[in-house]
Every structure is written in C-alpha cells, then in structure tokens.
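Chemist: So I've got this file, target.pdb, and it contains PDB, C-alpha atoms:
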```pdb
ATOM      1  CA  MET A   1      67.026  -4.571 -58.180  1.00  0.00           C
ATOM      2  CA  ARG A   2      67.165  -3.985 -54.441  1.00  0.00           C
ATOM      3  CA  ALA A   3      63.775  -5.693 -53.929  1.00  0.00           C
ATOM      4  CA  ALA A   4      64.956  -8.665 -55.972  1.00  0.00           C
ATOM      5  CA  GLY A   5      68.128  -8.848 -53.888  1.00  0.00           C
ATOM      6  CA  ILE A   6      66.183  -8.818 -50.644  1.00  0.00           C
ATOM      7  CA  ALA A   7      63.871 -11.541 -51.928  1.00  0.00           C
ATOM      8  CA  MET A   8      66.907 -13.617 -52.877  1.00  0.00           C
ATOM      9  CA  ASP A   9      68.400 -13.128 -49.404  1.00  0.00           C
ATOM     10  CA  LEU A  10      65.155 -14.262 -47.809  1.00  0.00           C
ATOM     11  CA  ARG A  11      64.985 -17.359 -50.033  1.00  0.00           C
ATOM     12  CA  THR A  12      68.598 -18.130 -49.198  1.00  0.00           C
ATOM     13  CA  ALA A  13      67.900 -17.759 -45.498  1.00  0.00           C
ATOM     14  CA  ALA A  14      64.857 -19.997 -45.821  1.00  0.00           C
ATOM     15  CA  MET A  15      66.882 -22.669 -47.583  1.00  0.00           C
ATOM     16  CA  ARG A  16      69.391 -22.573 -44.748  1.00  0.00           C
ATOM     17  CA  LYS A  17      66.862 -23.219 -42.042  1.00  0.00           C
ATOM     18  CA  PRO A  18      68.825 -23.135 -38.764  1.00  0.00           C
ATOM     19  CA  LYS A  19      68.801 -26.248 -36.651  1.00  0.00           C
ATOM     20  CA  THR A  20      67.932 -24.338 -33.479  1.00  0.00           C
ATOM     21  CA  PRO A  21      65.291 -21.770 -34.496  1.00  0.00           C
ATOM     22  CA  VAL A  22      63.860 -21.317 -30.986  1.00  0.00           C
ATOM     23  CA  ALA A  23      67.276 -20.607 -29.494  1.00  0.00           C
ATOM     24  CA  ASN A  24      68.174 -18.311 -32.380  1.00  0.00           C
ATOM     25  CA  ARG A  25      64.955 -16.336 -32.067  1.00  0.00           C
ATOM     26  CA  ALA A  26      65.544 -15.944 -28.340  1.00  0.00           C
ATOM     27  CA  ARG A  27      69.090 -14.744 -28.964  1.00  0.00           C
ATOM     28  CA  ILE A  28      67.883 -12.193 -31.512  1.00  0.00           C
ATOM     29  CA  VAL A  29      65.164 -10.919 -29.171  1.00  0.00           C
ATOM     30  CA  ARG A  30      67.677 -10.514 -26.352  1.00  0.00           C
ATOM     31  CA  ALA A  31      69.993  -8.479 -28.579  1.00  0.00           C
ATOM     32  CA  ALA A  32      67.056  -6.475 -29.910  1.00  0.00           C
ATOM     33  CA  ILE A  33      66.013  -5.543 -26.354  1.00  0.00           C
ATOM     34  CA  ASP A  34      69.331  -3.769 -25.841  1.00  0.00           C
ATOM     35  CA  GLU A  35      69.203  -2.080 -29.240  1.00  0.00           C
ATOM     36  CA  PHE A  36      65.611  -0.824 -28.985  1.00  0.00           C
ATOM     37  CA  ALA A  37      66.041   0.216 -25.334  1.00  0.00           C
ATOM     38  CA  ALA A  38      69.096   2.262 -26.250  1.00  0.00           C
ATOM     39  CA  ARG A  39      67.848   3.851 -29.483  1.00  0.00           C
ATOM     40  CA  GLY A  40      64.067   3.538 -29.604  1.00  0.00           C
ATOM     41  CA  PHE A  41      62.135   2.068 -32.518  1.00  0.00           C
ATOM     42  CA  LYS A  42      63.161   4.635 -35.112  1.00  0.00           C
ATOM     43  CA  GLY A  43      66.802   4.789 -34.120  1.00  0.00           C
ATOM     44  CA  ALA A  44      67.323   1.051 -33.730  1.00  0.00           C
ATOM     45  CA  SER A  45      69.212  -0.672 -36.522  1.00  0.00           C
ATOM     46  CA  MET A  46      68.450  -4.150 -37.813  1.00  0.00           C
ATOM     47  CA  ASP A  47      72.068  -4.353 -38.937  1.00  0.00           C
ATOM     48  CA  ALA A  48      73.195  -3.604 -35.382  1.00  0.00           C
ATOM     49  CA  ILE A  49      70.951  -6.380 -34.059  1.00  0.00           C
ATOM     50  CA  ALA A  50      72.408  -8.740 -36.660  1.00  0.00           C
ATOM     51  CA  ALA A  51      75.927  -7.736 -35.634  1.00  0.00           C
ATOM     52  CA  ARG A  52      75.123  -8.314 -31.953  1.00  0.00           C
ATOM     53  CA  THR A  53      73.996 -11.866 -32.784  1.00  0.00           C
ATOM     54  CA  ASP A  54      76.581 -12.660 -35.454  1.00  0.00           C
ATOM     55  CA  THR A  55      73.806 -13.288 -37.969  1.00  0.00           C
ATOM     56  CA  THR A  56      72.305 -11.441 -40.945  1.00  0.00           C
ATOM     57  CA  ARG A  57      69.504  -8.962 -41.422  1.00  0.00           C
ATOM     58  CA  ALA A  58      67.918 -11.371 -43.914  1.00  0.00           C
ATOM     59  CA  LEU A  59      67.820 -14.146 -41.335  1.00  0.00           C
ATOM     60  CA  ILE A  60      66.194 -11.828 -38.782  1.00  0.00           C
ATOM     61  CA  ASN A  61      63.550 -10.945 -41.363  1.00  0.00           C
ATOM     62  CA  TYR A  62      63.103 -14.633 -42.089  1.00  0.00           C
ATOM     63  CA  TYR A  63      62.323 -15.271 -38.413  1.00  0.00           C
ATOM     64  CA  PHE A  64      60.192 -12.198 -37.715  1.00  0.00           C
ATOM     65  CA  GLY A  65      59.128 -10.617 -41.002  1.00  0.00           C
ATOM     66  CA  SER A  66      59.939  -6.963 -40.302  1.00  0.00           C
ATOM     67  CA  LYS A  67      61.565  -4.523 -37.910  1.00  0.00           C
ATOM     68  CA  GLU A  68      58.209  -3.761 -36.302  1.00  0.00           C
ATOM     69  CA  LYS A  69      57.564  -7.448 -35.665  1.00  0.00           C
ATOM     70  CA  VAL A  70      60.959  -7.752 -33.998  1.00  0.00           C
ATOM     71  CA  TYR A  71      60.014  -4.771 -31.843  1.00  0.00           C
ATOM     72  CA  LEU A  72      56.662  -6.328 -30.944  1.00  0.00           C
ATOM     73  CA  ALA A  73      58.442  -9.549 -30.004  1.00  0.00           C
ATOM     74  CA  VAL A  74      60.705  -7.481 -27.754  1.00  0.00           C
ATOM     75  CA  LEU A  75      57.774  -5.742 -26.043  1.00  0.00           C
ATOM     76  CA  GLU A  76      55.951  -9.021 -25.502  1.00  0.00           C
ATOM     77  CA  HIS A  77      59.115 -10.619 -24.163  1.00  0.00           C
ATOM     78  CA  VAL A  78      59.941  -7.942 -21.600  1.00  0.00           C
ATOM     79  CA  TYR A  79      56.356  -7.793 -20.350  1.00  0.00           C
ATOM     80  CA  ALA A  80      56.265 -11.589 -20.127  1.00  0.00           C
ATOM     81  CA  GLU A  81      59.472 -11.520 -18.081  1.00  0.00           C
ATOM     82  CA  ILE A  82      58.122  -9.182 -15.412  1.00  0.00           C
ATOM     83  CA  ARG A  83      54.816 -11.042 -15.251  1.00  0.00           C
ATOM     84  CA  GLN A  84      56.693 -14.355 -14.884  1.00  0.00           C
ATOM     85  CA  ALA A  85      58.823 -12.927 -12.087  1.00  0.00           C
ATOM     86  CA  GLU A  86      55.698 -11.661 -10.312  1.00  0.00           C
ATOM     87  CA  SER A  87      54.149 -15.132 -10.485  1.00  0.00           C
ATOM     88  CA  LEU A  88      57.004 -16.440  -8.325  1.00  0.00           C
ATOM     89  CA  LEU A  89      56.393 -14.057  -5.422  1.00  0.00           C
ATOM     90  CA  ASP A  90      54.458 -16.701  -3.430  1.00  0.00           C
ATOM     91  CA  LEU A  91      51.952 -14.351  -1.813  1.00  0.00           C
ATOM     92  CA  ASP A  92      49.192 -16.686  -0.677  1.00  0.00           C
ATOM     93  CA  HIS A  93      50.793 -17.491   2.673  1.00  0.00           C
ATOM     94  CA  LEU A  94      51.357 -13.815   3.498  1.00  0.00           C
ATOM     95  CA  ALA A  95      48.962 -11.509   5.289  1.00  0.00           C
ATOM     96  CA  PRO A  96      47.395  -9.045   2.814  1.00  0.00           C
ATOM     97  CA  VAL A  97      49.447  -6.084   4.083  1.00  0.00           C
ATOM     98  CA  ASP A  98      52.666  -8.084   3.774  1.00  0.00           C
ATOM     99  CA  ALA A  99      51.660  -9.326   0.321  1.00  0.00           C
ATOM    100  CA  ILE A 100      51.201  -5.752  -0.870  1.00  0.00           C
ATOM    101  CA  ARG A 101      54.570  -4.848   0.635  1.00  0.00           C
ATOM    102  CA  ARG A 102      56.190  -7.640  -1.334  1.00  0.00           C
ATOM    103  CA  ILE A 103      54.538  -6.622  -4.614  1.00  0.00           C
ATOM    104  CA  VAL A 104      55.504  -2.955  -4.239  1.00  0.00           C
ATOM    105  CA  GLN A 105      59.065  -3.697  -3.164  1.00  0.00           C
ATOM    106  CA  PHE A 106      59.535  -6.251  -5.927  1.00  0.00           C
ATOM    107  CA  THR A 107      58.245  -3.811  -8.554  1.00  0.00           C
ATOM    108  CA  PHE A 108      60.431  -0.966  -7.301  1.00  0.00           C
ATOM    109  CA  ASP A 109      63.521  -3.191  -7.377  1.00  0.00           C
ATOM    110  CA  TYR A 110      62.639  -4.729 -10.740  1.00  0.00           C
ATOM    111  CA  TYR A 111      62.613  -1.339 -12.445  1.00  0.00           C
ATOM    112  CA  LEU A 112      66.003  -0.510 -10.938  1.00  0.00           C
ATOM    113  CA  ALA A 113      67.494  -3.803 -12.112  1.00  0.00           C
ATOM    114  CA  ASN A 114      65.867  -3.655 -15.563  1.00  0.00           C
ATOM    115  CA  GLU A 115      66.208  -0.097 -16.817  1.00  0.00           C
ATOM    116  CA  GLY A 116      65.947  -1.405 -20.384  1.00  0.00           C
ATOM    117  CA  PHE A 117      62.371  -2.444 -19.673  1.00  0.00           C
ATOM    118  CA  VAL A 118      61.582   1.013 -18.316  1.00  0.00           C
ATOM    119  CA  ARG A 119      63.134   2.733 -21.334  1.00  0.00           C
ATOM    120  CA  LEU A 120      61.071   0.559 -23.684  1.00  0.00           C
ATOM    121  CA  VAL A 121      57.869   1.443 -21.827  1.00  0.00           C
ATOM    122  CA  VAL A 122      58.708   5.157 -21.963  1.00  0.00           C
ATOM    123  CA  ALA A 123      59.587   4.991 -25.660  1.00  0.00           C
ATOM    124  CA  GLU A 124      56.347   3.210 -26.514  1.00  0.00           C
ATOM    125  CA  ASN A 125      54.364   5.801 -24.593  1.00  0.00           C
ATOM    126  CA  GLN A 126      56.068   8.547 -26.564  1.00  0.00           C
ATOM    127  CA  VAL A 127      54.517   7.106 -29.723  1.00  0.00           C
ATOM    128  CA  LYS A 128      51.151   6.689 -27.955  1.00  0.00           C
ATOM    129  CA  GLY A 129      51.401   2.895 -27.798  1.00  0.00           C
ATOM    130  CA  ARG A 130      51.212   2.669 -31.584  1.00  0.00           C
ATOM    131  CA  HIS A 131      53.136  -0.590 -31.838  1.00  0.00           C
ATOM    132  CA  LEU A 132      51.932  -2.226 -28.644  1.00  0.00           C
ATOM    133  CA  LYS A 133      48.304  -1.842 -29.720  1.00  0.00           C
ATOM    134  CA  LYS A 134      49.030  -4.278 -32.540  1.00  0.00           C
ATOM    135  CA  SER A 135      49.970  -7.077 -30.143  1.00  0.00           C
ATOM    136  CA  ARG A 136      47.282  -9.725 -29.787  1.00  0.00           C
ATOM    137  CA  VAL A 137      48.635 -11.091 -26.528  1.00  0.00           C
ATOM    138  CA  MET A 138      49.454  -7.955 -24.521  1.00  0.00           C
ATOM    139  CA  ARG A 139      46.139  -7.614 -22.694  1.00  0.00           C
ATOM    140  CA  THR A 140      45.992 -11.244 -21.597  1.00  0.00           C
ATOM    141  CA  LEU A 141      49.720 -11.220 -20.881  1.00  0.00           C
ATOM    142  CA  ASN A 142      49.302  -8.483 -18.281  1.00  0.00           C
ATOM    143  CA  ARG A 143      46.099  -9.782 -16.731  1.00  0.00           C
ATOM    144  CA  PRO A 144      47.766 -11.989 -14.061  1.00  0.00           C
ATOM    145  CA  ILE A 145      49.146  -9.061 -12.014  1.00  0.00           C
ATOM    146  CA  ILE A 146      45.672  -7.508 -11.893  1.00  0.00           C
ATOM    147  CA  ASP A 147      44.166 -10.817 -10.790  1.00  0.00           C
ATOM    148  CA  THR A 148      46.894 -11.198  -8.150  1.00  0.00           C
ATOM    149  CA  LEU A 149      46.248  -7.734  -6.752  1.00  0.00           C
ATOM    150  CA  ALA A 150      42.498  -8.346  -6.796  1.00  0.00           C
ATOM    151  CA  ARG A 151      42.916 -11.507  -4.702  1.00  0.00           C
ATOM    152  CA  VAL A 152      45.182  -9.814  -2.175  1.00  0.00           C
ATOM    153  CA  ILE A 153      42.862  -6.807  -1.914  1.00  0.00           C
ATOM    154  CA  ALA A 154      39.820  -9.067  -1.464  1.00  0.00           C
ATOM    155  CA  ARG A 155      41.594 -10.933   1.348  1.00  0.00           C
ATOM    156  CA  GLY A 156      42.476  -7.643   2.987  1.00  0.00           C
ATOM    157  CA  GLN A 157      38.897  -6.430   2.722  1.00  0.00           C
ATOM    158  CA  GLY A 158      37.655  -9.729   4.124  1.00  0.00           C
ATOM    159  CA  GLU A 159      39.793  -9.413   7.244  1.00  0.00           C
ATOM    160  CA  GLY A 160      39.061  -5.711   7.644  1.00  0.00           C
ATOM    161  CA  SER A 161      42.546  -4.403   6.783  1.00  0.00           C
ATOM    162  CA  PHE A 162      41.627  -2.725   3.499  1.00  0.00           C
ATOM    163  CA  ARG A 163      38.757  -0.399   2.731  1.00  0.00           C
ATOM    164  CA  PRO A 164      36.040  -1.269   0.191  1.00  0.00           C
ATOM    165  CA  GLY A 165      35.784   0.136  -3.326  1.00  0.00           C
ATOM    166  CA  ILE A 166      39.362  -0.466  -4.494  1.00  0.00           C
ATOM    167  CA  ASP A 167      40.126  -0.963  -8.180  1.00  0.00           C
ATOM    168  CA  PRO A 168      43.151  -3.279  -8.627  1.00  0.00           C
ATOM    169  CA  VAL A 169      43.996  -1.658 -11.977  1.00  0.00           C
ATOM    170  CA  GLU A 170      44.306   1.721 -10.248  1.00  0.00           C
ATOM    171  CA  VAL A 171      46.511   0.175  -7.574  1.00  0.00           C
ATOM    172  CA  HIS A 172      48.720  -1.399 -10.218  1.00  0.00           C
ATOM    173  CA  MET A 173      48.982   1.985 -11.945  1.00  0.00           C
ATOM    174  CA  ALA A 174      50.039   3.684  -8.717  1.00  0.00           C
ATOM    175  CA  ILE A 175      52.668   1.047  -7.951  1.00  0.00           C
ATOM    176  CA  ALA A 176      54.084   1.278 -11.471  1.00  0.00           C
ATOM    177  CA  ALA A 177      54.069   5.078 -11.530  1.00  0.00           C
ATOM    178  CA  LEU A 178      55.765   5.506  -8.166  1.00  0.00           C
ATOM    179  CA  GLY A 179      58.333   2.844  -8.924  1.00  0.00           C
ATOM    180  CA  MET A 180      59.157   4.039 -12.431  1.00  0.00           C
ATOM    181  CA  PHE A 181      59.637   7.687 -11.453  1.00  0.00           C
ATOM    182  CA  ASN A 182      62.803   6.749  -9.591  1.00  0.00           C
ATOM    183  CA  VAL A 183      64.236   5.513 -12.903  1.00  0.00           C
ATOM    184  CA  THR A 184      62.588   7.635 -15.605  1.00  0.00           C
ATOM    185  CA  ASN A 185      63.181  10.972 -13.873  1.00  0.00           C
ATOM    186  CA  GLN A 186      66.416  10.204 -12.076  1.00  0.00           C
ATOM    187  CA  HIS A 187      68.609  12.587 -14.077  1.00  0.00           C
ATOM    188  CA  THR A 188      66.305  15.599 -14.257  1.00  0.00           C
ATOM    189  CA  PHE A 189      65.241  15.278 -10.619  1.00  0.00           C
ATOM    190  CA  ALA A 190      68.849  14.930  -9.492  1.00  0.00           C
ATOM    191  CA  ALA A 191      69.863  17.995 -11.521  1.00  0.00           C
ATOM    192  CA  ILE A 192      67.038  20.112 -10.081  1.00  0.00           C
ATOM    193  CA  PHE A 193      67.240  19.027  -6.443  1.00  0.00           C
ATOM    194  CA  GLN A 194      70.852  17.787  -6.238  1.00  0.00           C
ATOM    195  CA  ARG A 195      69.623  14.489  -4.859  1.00  0.00           C
ATOM    196  CA  ASP A 196      70.821  11.094  -6.079  1.00  0.00           C
ATOM    197  CA  MET A 197      68.144   9.000  -7.731  1.00  0.00           C
ATOM    198  CA  GLY A 198      67.893   5.541  -9.271  1.00  0.00           C
ATOM    199  CA  SER A 199      70.266   2.947  -7.888  1.00  0.00           C
ATOM    200  CA  LYS A 200      72.587   5.701  -6.622  1.00  0.00           C
ATOM    201  CA  GLY A 201      69.965   7.136  -4.289  1.00  0.00           C
ATOM    202  CA  ASP A 202      68.668   6.007  -0.927  1.00  0.00           C
ATOM    203  CA  VAL A 203      66.891   2.999  -2.397  1.00  0.00           C
ATOM    204  CA  ARG A 204      65.787   1.491   0.916  1.00  0.00           C
ATOM    205  CA  ARG A 205      64.196   4.689   2.217  1.00  0.00           C
ATOM    206  CA  ARG A 206      62.548   5.597  -1.076  1.00  0.00           C
ATOM    207  CA  ARG A 207      61.189   2.064  -1.563  1.00  0.00           C
ATOM    208  CA  ALA A 208      59.771   2.079   1.972  1.00  0.00           C
ATOM    209  CA  MET A 209      58.093   5.432   1.341  1.00  0.00           C
ATOM    210  CA  VAL A 210      56.453   4.208  -1.874  1.00  0.00           C
ATOM    211  CA  THR A 211      55.252   1.097  -0.045  1.00  0.00           C
ATOM    212  CA  GLU A 212      53.675   3.157   2.719  1.00  0.00           C
ATOM    213  CA  VAL A 213      52.008   5.489   0.212  1.00  0.00           C
ATOM    214  CA  VAL A 214      50.320   2.517  -1.473  1.00  0.00           C
ATOM    215  CA  LEU A 215      49.340   0.916   1.823  1.00  0.00           C
ATOM    216  CA  GLY A 216      48.010   4.252   3.072  1.00  0.00           C
ATOM    217  CA  TYR A 217      45.621   4.291   0.136  1.00  0.00           C
ATOM    218  CA  LEU A 218      44.490   0.716   0.773  1.00  0.00           C
ATOM    219  CA  ARG A 219      44.118   0.715   4.532  1.00  0.00           C
ATOM    220  CA  LYS A 220      40.773   1.085   6.234  1.00  0.00           C
ATOM    221  CA  THR A 221      40.740   4.298   8.251  1.00  0.00           C
TER     222      THR A 221
END
```
As structure tokens, how would this structure be written, given the file I've shared?
Modeler:
Amino acid sequence: MRAAGIAMDLRTAAMRKPKTPVANRARIVRAAIDEFAARGFKGASMDAIAARTDTTRALINYYFGSKEKVYLAVLEHVYAEIRQAESLLDLDHLAPVDAIRRIVQFTFDYYLANEGFVRLVVAENQVKGRHLKKSRVMRTLNRPIIDTLARVIARGQGEGSFRPGIDPVEVHMAIAALGMFNVTNQHTFAAIFQRDMGSKGDVRRRRAMVTEVVLGYLRKT
C-alpha cells in the first residue's frame, strides 16, 4: 500500500509540473546543503528539506529521484561554487608569488565563510567518498584549480622563483589541508590548547603563516 501511495504521489507531482523547475531545483539544493551539512547523509531528512522549501517530499523525488541523488546534487553544487569563485581570482596579471598568495588566502577565507562546505567534505570522507565516487562530473569539475595552479607554478619556474619538480595536485592538497584544519579542528584544538580557532582566532596571522608555508615549499632555495 505504501509503495502504491508513493507512486501516486509521484504521478501527482508529475502532473503538476512546476512552471519554474530550474528555480525550484536550485531552491531545493540550497535547502538541502544546510540540512546535509548539519546532519550528514544518514541524519538528513527529506521531510525537513521539503519543509525548508515549502514543498513536498514527492516533488523533491520527482526532481531528483532519491535522497542520494539530492545529496550528489548538493556535493556537485558546493564544489562548483568554490571552483567558480576561484575562476574569478584574476591571477594572470600577478607575479607567480603573488598569485599563489591570492589562491592560498582566498581558500583559507572561503573555508571560514562556508563552513557548510567544509562539513560536507568531512562527512563524505567519513564514508570514504562512497557517494561522491558516483558523480560523473566531479573529476572534471575540480580540474580547473589544478590547471590554474599548474600555470602559476610553470610561470614561477620560468622566471626562477619556484623550484622544479612540483606537482600541482600536491600543492592543492597542502593548501586545502592547511586551510581546512582551522575549521575542522577548531573546537578540539581550542579545548586542548586554549587558543581561539576558526573565525574567532587570529585569522590574519594564521592565514599569513599558511601562505608562507606553501610558498616556502615552492620557492627555489
């Protein structure tokens, strides 16, 4: 009976095709970001997402097909957002050292301003990337930041500022790791060392230190 009821709800939703499906999907994804970031995949409720958007669970299923597909849409959306923001950094006119400074500082600040993104990344790592691996677009979606770093590094090597043999993927990993720690470990680190972390800490000093750590690795000695 329950299966028949769900099928009926889906048919009803399909017959009431909304006039603004793109806007509705975007609204659902935005609400789902908050829900999944707060509760993780298992804890997140489709009913809560429906309530946040003043819609129905059946309509969400009509748009996406399942809870996991909503979650995948959320992951793809938040990764697309950071990649889009990175594309606006306008690095080509900067010296390679200054371009790296801008990338590191932007990334550090982005994590602080978008803790939901960080929580989603942590949660997906806790399940060993099980859901993200099913995304067809994730690898190509994240390629631009690697290409950007590769170009900046190549320019720096060409002018003699950076040493040879640098892997841009490793550099990206270091930037992400150092930037995320300030958010992911802010509560435990603060409790252990009685030092404010995250946005409450000395953001300027900590960001400058992370920048210099990355540049220290890149510079030709």
Chemist: Could you check the closest approach to Arg206 in chain A for each of A:Phe108, A:His172, A:Asp147, A:Lys128 and tell me which residue wins, using all atoms listed in the file?
Modeler: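 Answer, going by the shortest atom-to-atom distance: A:Phe108.
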Chemist: A:Gly165, A:Leu149, A:Phe41, A:Val122: which is nearest Glu86 in chain A, counting only C-alpha atoms?
Modeler: A:Leu149
Chemist: Kindly give the distance, in Å, that separates CA of Ser161 in chain A and CA of Lys220 in chain A, rounded to a single decimal.
Modeler: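 Separation of CA of Ser161 in chain A and CA of Lys220 in chain A: 5.8 Å.
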Chemist: Using the chain letters and residue numbers of this document, give as a VMD selection string the residues selected by the PyMOL selection byres ((chain A and resi 186) around 12).
Modeler: chain A and resid 112 115 179 to 185 187 to 201
Chemist: Which residue, A:Ala37, A:Val214, A:Ile82, A:Ile100, has the smallest gap to Ala123 in chain A when you use all atoms listed in the file?
Modeler: A:Ala37
Chemist: Excluding Ile153 in chain A and its own-chain neighbours fewer than 6 positions away, which residues fall within 8 Å of it when counting only C-alpha atoms? Please give them as a ChimeraX atom specification.
Modeler: /A:96,162,166,168
Chemist: Counting only C-alpha atoms, which residue out of A:Ala26, A:Met209, A:Leu91, A:Ile145 sits closest to Leu178 in chain A?
Modeler: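 So, comparing all the options, the nearest one is A:Met209.
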Chemist: Between CA of Asn125 in chain A and CA of Leu88 in chain A, what is the distance in Å, rounded to a tenth?
Modeler: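 Between CA of Asn125 in chain A and CA of Leu88 in chain A the gap works out to 27.7 Å.
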Chemist: Taking (51.7, -13.6, -25.9) in the coordinates of the supplied file, I want to know which residues reach to within 10 Å of it, counting only C-alpha atoms; could you give the answer as a PyMOL selection string?
Modeler: chain A and resi 73+75-77+79-80+135-142
Chemist: Keeping only C-alpha atoms, write the selected residues to a file as a PDB file, in the frame of the given file.
Modeler:
```
ATOM      1  CA  ALA A  73      58.442  -9.549 -30.004  1.00  0.00           C
ATOM      2  CA  LEU A  75      57.774  -5.742 -26.043  1.00  0.00           C
ATOM      3  CA  GLU A  76      55.951  -9.021 -25.502  1.00  0.00           C
ATOM      4  CA  HIS A  77      59.115 -10.619 -24.163  1.00  0.00           C
ATOM      5  CA  TYR A  79      56.356  -7.793 -20.350  1.00  0.00           C
ATOM      6  CA  ALA A  80      56.265 -11.589 -20.127  1.00  0.00           C
ATOM      7  CA  SER A 135      49.970  -7.077 -30.143  1.00  0.00           C
ATOM      8  CA  ARG A 136      47.282  -9.725 -29.787  1.00  0.00           C
ATOM      9  CA  VAL A 137      48.635 -11.091 -26.528  1.00  0.00           C
ATOM     10  CA  MET A 138      49.454  -7.955 -24.521  1.00  0.00           C
ATOM     11  CA  ARG A 139      46.139  -7.614 -22.694  1.00  0.00           C
ATOM     12  CA  THR A 140      45.992 -11.244 -21.597  1.00  0.00           C
ATOM     13  CA  LEU A 141      49.720 -11.220 -20.881  1.00  0.00           C
ATOM     14  CA  ASN A 142      49.302  -8.483 -18.281  1.00  0.00           C
TER      15      ASN A 142
END
```
Chemist: Using only C-alpha atoms, which of A:Ala85, A:Ala32, A:Val127, A:Val169 sits nearest Leu72 in chain A?
Modeler: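 Smallest separation from Leu72 in chain A among the options: A:Ala32.
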Chemist: Selection in question (the file shown): the PyMOL selection byres ((chain A and resi 69) around 12). Which residues does it include, as a compact mmCIF listing (two decimals) with C-alpha atoms, in the coordinates of the input?
Modeler:
```txt
# COMPACT_ATOMS: atom_id res chain seq x y z
CA VAL A 29 65.16 -10.92 -29.17
CA ALA A 32 67.06 -6.48 -29.91
CA PHE A 41 62.14 2.07 -32.52
CA MET A 46 68.45 -4.15 -37.81
CA ILE A 60 66.19 -11.83 -38.78
CA ASN A 61 63.55 -10.94 -41.36
CA TYR A 62 63.10 -14.63 -42.09
CA TYR A 63 62.32 -15.27 -38.41
CA PHE A 64 60.19 -12.20 -37.72
CA GLY A 65 59.13 -10.62 -41.00
CA SER A 66 59.94 -6.96 -40.30
CA LYS A 67 61.56 -4.52 -37.91
CA GLU A 68 58.21 -3.76 -36.30
CA VAL A 70 60.96 -7.75 -34.00
CA TYR A 71 60.01 -4.77 -31.84
CA LEU A 72 56.66 -6.33 -30.94
CA ALA A 73 58.44 -9.55 -30.00
CA VAL A 74 60.70 -7.48 -27.75
CA LEU A 75 57.77 -5.74 -26.04
CA GLU A 76 55.95 -9.02 -25.50
CA HIS A 131 53.14 -0.59 -31.84
CA LEU A 132 51.93 -2.23 -28.64
CA LYS A 134 49.03 -4.28 -32.54
CA SER A 135 49.97 -7.08 -30.14
```
Chemist: Evaluate the PyMOL selection byres ((chain A and resi 92) around 12) here and jot the selected residues down as a ChimeraX atom specification.
Modeler: /A:87-91,93-100,102,148-149,151-153,155-156
Chemist: Out of A:Glu81, A:Gln105, A:Gly129, A:Leu218, which residue has the shortest atom-to-atom distance to Pro164 in chain A when counting only C-alpha atoms?
Modeler: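 Distance minimum relative to Pro164 in chain A lands on A:Leu218.
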Chemist: Between CA of Pro144 in chain A and CA of Arg25 in chain A, what is the spacing in Å?
Modeler: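 Those two atoms sit 25.3 Å apart.
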Chemist: Leaving out Arg52 in chain A and any residue of its chain fewer than 2 positions from it, which residues lie within 12 Å of it when counting only C-alpha atoms, given as a PyMOL selection string?
Modeler: chain A and resi 27-35+45-50+54-57+60
Chemist: Would you save the residues of that selection, restricted to C-alpha atoms, as an mmCIF file, in the frame of the given file?
Modeler:
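Okay, this is what ended up in part-v6.cif:
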```
data_model
loop_
_atom_site.group_PDB
_atom_site.id
_atom_site.type_symbol
_atom_site.label_atom_id
_atom_site.label_comp_id
_atom_site.auth_asym_id
_atom_site.auth_seq_id
_atom_site.Cartn_x
_atom_site.Cartn_y
_atom_site.Cartn_z
ATOM 1 C CA ARG A 27 69.090 -14.744 -28.964
ATOM 2 C CA ILE A 28 67.883 -12.193 -31.512
ATOM 3 C CA VAL A 29 65.164 -10.919 -29.171
ATOM 4 C CA ARG A 30 67.677 -10.514 -26.352
ATOM 5 C CA ALA A 31 69.993 -8.479 -28.579
ATOM 6 C CA ALA A 32 67.056 -6.475 -29.910
ATOM 7 C CA ILE A 33 66.013 -5.543 -26.354
ATOM 8 C CA ASP A 34 69.331 -3.769 -25.841
ATOM 9 C CA GLU A 35 69.203 -2.080 -29.240
ATOM 10 C CA SER A 45 69.212 -0.672 -36.522
ATOM 11 C CA MET A 46 68.450 -4.150 -37.813
ATOM 12 C CA ASP A 47 72.068 -4.353 -38.937
ATOM 13 C CA ALA A 48 73.195 -3.604 -35.382
ATOM 14 C CA ILE A 49 70.951 -6.380 -34.059
ATOM 15 C CA ALA A 50 72.408 -8.740 -36.660
ATOM 16 C CA ASP A 54 76.581 -12.660 -35.454
ATOM 17 C CA THR A 55 73.806 -13.288 -37.969
ATOM 18 C CA THR A 56 72.305 -11.441 -40.945
ATOM 19 C CA ARG A 57 69.504 -8.962 -41.422
ATOM 20 C CA ILE A 60 66.194 -11.828 -38.782
#
```
